[in-house]
Amino acid sequence: MAIIANILVGLVAVLHAYILVLEMFLWERKPGRELSGFDAEMAEATAPLAANQGLYNGFLAAGLVWGLIAADPTGFRVQVFFLACVVIAGVYGAVTANPRILFAQAVPGAAALTAVLIAG
């Protein structure tokens, strides 16, 4: 189960690294505009906000990588903390911004958190 947990944590970290790139560097380009549904003018106006969100997603990814490479019990605790943050952010985003965030962020985070807790 530990291998499955590590794979899921790694996938969630990669997802958040991808979100960082999308929100910080591609927001005003086609991939970012397709994600947000914004036209070029709105994407430009909201780019600073998206970049800020992207930075936070990068912190989540970094924390998950830290959890993967740190020795236990620190690694386990770090993974639980950052995965809980991912789930909370995903639920909040689904309620306040877009319901798709629940499935794109909270569900993968919850699956990884469950696996980590079972393996722990």
# chains A, B, ... in the order shown; residues from 1 in each chain; ligands from 1
>>> closest_atom_pairs(of="range 56-95 of chain A", to="range 24-46 of chain A", cutoff="12 Å", atoms="only C-alpha atoms", output="JSON lines")
{"residue": "A:Tyr56", "atom": "CA", "partner": "A:Met24", "partner_atom": "CA", "distance": 10.3}
{"residue": "A:Asn57", "atom": "CA", "partner": "A:Met24", "partner_atom": "CA", "distance": 9.9}
{"residue": "A:Gly58", "atom": "CA", "partner": "A:Met24", "partner_atom": "CA", "distance": 9.8}
>>> residues_around(residues="range 81-90 of chain A", least_positions_apart="3", cutoff="7 Å", atoms="only C-alpha atoms", output="number ranges by chain")
A: 60, 63-64, 77-78, 93-94, 101-102, 105-106, 109-110, 113
>>> atom_distance(atom1="CA of Ala2 in chain A", atom2="CA of Ala62 in chain A")
19.8 Å
>>> closest_residue(among="A:Leu68, A:Ala97, A:Val107, A:Leu20", to="Ala5 in chain A", atoms="only C-alpha atoms")
A:Leu68
>>> atom_distance(atom1="CA of Ala115 in chain A", atom2="CA of Val9 in chain A")
8.8 Å
